[in-house]
Amino acid sequence: MTERGSAGWLESEGITTLDASELARLVDRTSERELRHRLIGGVREVALREIFRRMPEYLRPARAAGFDAVISWQITGAGGDGHSVDEYWIHVHDGRCTVLSTQPAPADISIRTDPATLLRIVTGNEDPIVAVLKQRLSVRGDLAQAARLTKLFAVGPA
């Protein structure tokens, strides 16, 4: 078991083997400072790749019926300079979520955040509305559709 405040579980690609419940528990037990410190370099890339790989698994198809949007996720801190971003795109359409490998036409919704906040949100350890209020997450584009995103995806352990 990892001690509170320790992010030793982020040392390797072990994050790819964790189920949602264990990942949520470990994120909860890791201090914000330590999480931000560890989510740089190769670990950052592995964590982001894993978050977006799993995203289609967490879509609630019934709730996504009638929803059609391309979402651009801009994750800050690429290259360690704080200004560069990694960008990921997903398309939610017909009750399915597809991770896109290239940028489509302009996104309907753009979400910008840092990797630690993203990891805390997708594991259910931070409310995205609170993250917006704390200015750790920003949303642009179709805000009505963006508001629905929290209901479309199962967040945290089931």
# chains A, B, ... in the order shown; residues from 1 in each chain; ligands from 1
$ closest_atom_pairs --of "region 8-99 of chain A" --to "region 110-128 of chain A" --cutoff "10 Å" --atoms "only C-alpha atoms" --output "tab-separated table"
residue	atom	partner	partner_atom	distance
A:Ala20	CA	A:Thr123	CA	7.1
A:Ser21	CA	A:Thr123	CA	8.1
A:Glu22	CA	A:Thr123	CA	9.5
A:Leu23	CA	A:Thr123	CA	7.0
A:Ala24	CA	A:Thr123	CA	4.7
A:Arg25	CA	A:Thr123	CA	8.3
A:Leu26	CA	A:Thr123	CA	9.5
A:Val27	CA	A:Arg120	CA	6.6
A:Asp28	CA	A:Asn125	CA	6.1
A:Arg29	CA	A:Asn125	CA	9.9
A:Glu32	CA	A:Ala116	CA	7.6
A:Arg33	CA	A:Ala116	CA	9.3
A:Glu34	CA	A:Ala116	CA	9.5
A:Leu35	CA	A:Ala116	CA	6.1
A:Arg36	CA	A:Ala116	CA	5.5
A:His37	CA	A:Ala116	CA	9.0
A:Arg38	CA	A:Ala116	CA	9.0
A:Leu39	CA	A:Pro115	CA	6.7
A:Ile40	CA	A:Pro115	CA	8.6
A:Arg44	CA	A:Pro115	CA	7.2
A:Glu45	CA	A:Pro115	CA	9.5
A:Ala47	CA	A:Leu119	CA	8.1
A:Leu48	CA	A:Pro115	CA	7.2
A:Ile51	CA	A:Leu119	CA	7.6
A:Met55	CA	A:Val122	CA	9.0
A:Tyr58	CA	A:Val122	CA	9.6
A:Val70	CA	A:Ser110	CA	8.7
A:Ile71	CA	A:Ser110	CA	5.8
A:Ser72	CA	A:Ser110	CA	4.6
A:Trp73	CA	A:Ile111	CA	4.9
A:Gln74	CA	A:Arg112	CA	4.6
A:Ile75	CA	A:Asp114	CA	5.2
A:Thr76	CA	A:Asp114	CA	4.9
A:Gly77	CA	A:Asp114	CA	6.7
A:Ala78	CA	A:Asp114	CA	9.4
A:Gly82	CA	A:Asp114	CA	9.1
A:Val85	CA	A:Arg112	CA	8.8
A:Asp86	CA	A:Pro115	CA	9.9
A:Glu87	CA	A:Arg112	CA	9.1
A:Tyr88	CA	A:Ile111	CA	9.9
A:Trp89	CA	A:Ser110	CA	9.2
$ closest_residue --among "A:Val99, A:Ala105, A:Ala131, A:Ala146" --to "Glu57 (chain A)" --atoms "only C-alpha atoms"
A:Val99
$ select_by_dssp --residues "chain A" --states "helix (DSSP H, G or I)" --output "VMD selection string"
chain A and resid 8 to 10 13 to 17 20 to 29 32 to 38 41 to 58 61 to 64 115 to 122 128 to 133 143 to 152
$ residues_around --residues "Ala62 (chain A)" --least-positions-apart "2" --cutoff "9 Å" --atoms "only C-alpha atoms" --output "compact mmCIF listing (two decimals) with all heavy atoms, in the first residue's frame"
# COMPACT_ATOMS: atom_id res chain seq x y z
N LEU A 59 -17.36 6.16 -21.10
CA LEU A 59 -18.53 6.84 -21.64
C LEU A 59 -19.79 6.07 -21.26
O LEU A 59 -19.81 4.84 -21.32
CB LEU A 59 -18.44 6.95 -23.17
CG LEU A 59 -19.62 7.68 -23.81
CD1 LEU A 59 -19.52 9.18 -23.53
CD2 LEU A 59 -19.64 7.42 -25.30
N ARG A 60 -20.80 6.77 -20.86
CA ARG A 60 -22.12 6.18 -20.57
C ARG A 60 -22.96 6.35 -21.84
O ARG A 60 -23.54 7.42 -22.06
CB ARG A 60 -22.76 6.88 -19.40
CG ARG A 60 -22.00 6.71 -18.11
CD ARG A 60 -22.58 7.58 -17.04
NE ARG A 60 -22.01 7.26 -15.75
CZ ARG A 60 -22.10 8.05 -14.70
NH1 ARG A 60 -22.73 9.21 -14.79
NH2 ARG A 60 -21.56 7.70 -13.56
N ALA A 64 -25.10 9.64 -23.54
CA ALA A 64 -24.47 10.34 -24.66
C ALA A 64 -25.34 10.34 -25.91
O ALA A 64 -24.96 10.93 -26.92
CB ALA A 64 -23.12 9.69 -24.97
N ALA A 65 -26.50 9.70 -25.84
CA ALA A 65 -27.41 9.69 -26.99
C ALA A 65 -27.77 11.12 -27.36
O ALA A 65 -28.12 11.93 -26.50
CB ALA A 65 -28.66 8.89 -26.66
N GLY A 95 -23.56 7.92 -29.07
CA GLY A 95 -23.33 7.09 -27.89
C GLY A 95 -21.97 6.42 -27.84
O GLY A 95 -21.79 5.46 -27.10
N LEU A 152 -21.81 12.55 -18.95
CA LEU A 152 -21.60 11.57 -20.02
C LEU A 152 -20.57 10.50 -19.66
O LEU A 152 -20.60 9.40 -20.18
CB LEU A 152 -21.14 12.24 -21.31
CG LEU A 152 -22.09 13.26 -21.95
CD1 LEU A 152 -21.50 13.74 -23.27
CD2 LEU A 152 -23.46 12.68 -22.14
$ select_by_dssp --residues "region 20-148 of chain A" --states "strand (DSSP E)" --output "short mmCIF file (atom, residue, chain, number, x, y, z; two decimals) with C-alpha atoms, in the first residue's frame"
data_model
loop_
_atom_site.label_atom_id
_atom_site.label_comp_id
_atom_site.auth_asym_id
_atom_site.auth_seq_id
_atom_site.Cartn_x
_atom_site.Cartn_y
_atom_site.Cartn_z
CA ASP A 68 -22.29 15.18 -30.87
CA ALA A 69 -19.10 17.12 -30.24
CA VAL A 70 -15.39 17.11 -30.87
CA ILE A 71 -13.55 17.97 -27.68
CA SER A 72 -10.01 19.32 -27.67
CA TRP A 73 -8.07 18.65 -24.48
CA GLN A 74 -5.06 20.93 -24.06
CA ILE A 75 -2.79 19.66 -21.31
CA THR A 76 -0.28 22.25 -20.15
CA GLY A 77 3.32 21.70 -19.15
CA ALA A 78 4.57 19.85 -22.24
CA SER A 84 3.62 24.31 -24.30
CA VAL A 85 0.66 21.95 -24.45
CA ASP A 86 -0.09 18.44 -25.53
CA GLU A 87 -3.39 18.22 -27.33
CA TYR A 88 -5.76 15.28 -27.47
CA TRP A 89 -9.06 15.10 -29.31
CA ILE A 90 -12.09 12.97 -28.69
CA HIS A 91 -15.30 12.73 -30.65
CA VAL A 92 -18.47 11.83 -28.81
CA HIS A 93 -21.19 10.86 -31.28
CA ARG A 96 -19.67 6.37 -28.64
CA CYS A 97 -16.39 8.04 -27.78
CA THR A 98 -13.51 7.91 -30.22
CA VAL A 99 -10.02 9.16 -29.49
CA LEU A 100 -8.80 10.92 -32.63
CA ILE A 109 -15.36 22.36 -26.94
CA SER A 110 -11.80 23.16 -25.82
CA ILE A 111 -10.67 22.22 -22.33
CA ARG A 112 -7.33 23.37 -20.94
CA THR A 113 -5.80 22.06 -17.72
CA LEU A 137 -9.40 24.22 -15.76
CA SER A 138 -10.78 26.44 -18.51
CA VAL A 139 -13.48 25.67 -21.02
CA ARG A 140 -14.20 27.39 -24.33
CA GLY A 141 -16.67 26.77 -27.08
#
$ atom_distance --atom1 "CA of Pro104 (chain A)" --atom2 "CA of Thr16 (chain A)"
27.1 Å
$ atom_distance --atom1 "CA of Leu18 (chain A)" --atom2 "CA of Glu50 (chain A)"
10.3 Å
$ atom_distance --atom1 "CA of Arg53 (chain A)" --atom2 "CA of Ala107 (chain A)"
19.1 Å
$ decode --residues "region 99-116 of chain A" --atoms "N, CA, C and O atoms" --output "CSV table (one decimal), in the first residue's frame"
chain,number,residue,atom,x,y,z
A,99,VAL,N,-11.2,8.3,-29.6
A,99,VAL,CA,-10.0,9.2,-29.5
A,99,VAL,C,-9.5,9.4,-30.9
A,99,VAL,O,-9.2,8.4,-31.6
A,100,LEU,N,-9.3,10.6,-31.3
A,100,LEU,CA,-8.8,10.9,-32.6
A,100,LEU,C,-7.3,11.1,-32.6
A,100,LEU,O,-6.7,11.7,-31.7
A,101,SER,N,-6.6,10.6,-33.7
A,101,SER,CA,-5.2,10.7,-33.7
A,101,SER,C,-4.7,12.0,-34.3
A,101,SER,O,-3.5,12.4,-34.1
A,102,THR,N,-5.5,12.7,-35.0
A,102,THR,CA,-5.2,14.0,-35.6
A,102,THR,C,-6.2,15.0,-35.3
A,102,THR,O,-7.4,14.6,-35.1
A,103,GLN,N,-5.9,16.2,-35.4
A,103,GLN,CA,-6.8,17.3,-35.2
A,103,GLN,C,-7.8,17.4,-36.3
A,103,GLN,O,-7.5,17.5,-37.5
A,104,PRO,N,-9.1,17.3,-35.9
A,104,PRO,CA,-10.2,17.4,-36.9
A,104,PRO,C,-10.4,18.9,-37.2
A,104,PRO,O,-9.6,19.7,-36.8
A,105,ALA,N,-11.6,19.2,-37.8
A,105,ALA,CA,-12.0,20.5,-37.9
A,105,ALA,C,-12.0,21.2,-36.5
A,105,ALA,O,-11.8,20.5,-35.5
A,106,PRO,N,-12.2,22.5,-36.4
A,106,PRO,CA,-12.1,23.1,-35.1
A,106,PRO,C,-13.1,22.4,-34.1
A,106,PRO,O,-14.1,22.0,-34.4
A,107,ALA,N,-12.6,22.3,-32.9
A,107,ALA,CA,-13.3,21.6,-31.8
A,107,ALA,C,-14.5,22.4,-31.4
A,107,ALA,O,-14.6,23.6,-31.5
A,108,ASP,N,-15.6,21.6,-31.0
A,108,ASP,CA,-16.8,22.3,-30.5
A,108,ASP,C,-16.5,22.8,-29.1
A,108,ASP,O,-17.1,23.8,-28.6
A,109,ILE,N,-15.7,22.0,-28.3
A,109,ILE,CA,-15.4,22.4,-26.9
A,109,ILE,C,-13.8,22.2,-26.8
A,109,ILE,O,-13.3,21.3,-27.2
A,110,SER,N,-13.2,23.2,-26.1
A,110,SER,CA,-11.8,23.2,-25.8
A,110,SER,C,-11.7,23.2,-24.3
A,110,SER,O,-12.2,24.1,-23.7
A,111,ILE,N,-10.9,22.3,-23.8
A,111,ILE,CA,-10.7,22.2,-22.3
A,111,ILE,C,-9.2,22.3,-22.1
A,111,ILE,O,-8.4,21.6,-22.7
A,112,ARG,N,-8.8,23.2,-21.2
A,112,ARG,CA,-7.3,23.4,-20.9
A,112,ARG,C,-7.1,23.2,-19.4
A,112,ARG,O,-7.8,23.8,-18.6
A,113,THR,N,-6.1,22.3,-19.1
A,113,THR,CA,-5.8,22.1,-17.7
A,113,THR,C,-4.4,21.5,-17.6
A,113,THR,O,-3.8,21.2,-18.7
A,114,ASP,N,-3.9,21.3,-16.4
A,114,ASP,CA,-2.6,20.7,-16.2
A,114,ASP,C,-2.9,19.2,-16.0
A,114,ASP,O,-4.0,18.7,-15.7
A,115,PRO,N,-1.8,18.3,-16.1
A,115,PRO,CA,-2.0,16.9,-16.0
A,115,PRO,C,-2.5,16.4,-14.6
A,115,PRO,O,-3.2,15.5,-14.5
A,116,ALA,N,-2.0,17.1,-13.5
A,116,ALA,CA,-2.4,16.7,-12.2
A,116,ALA,C,-3.9,16.9,-12.0
A,116,ALA,O,-4.6,16.1,-11.4
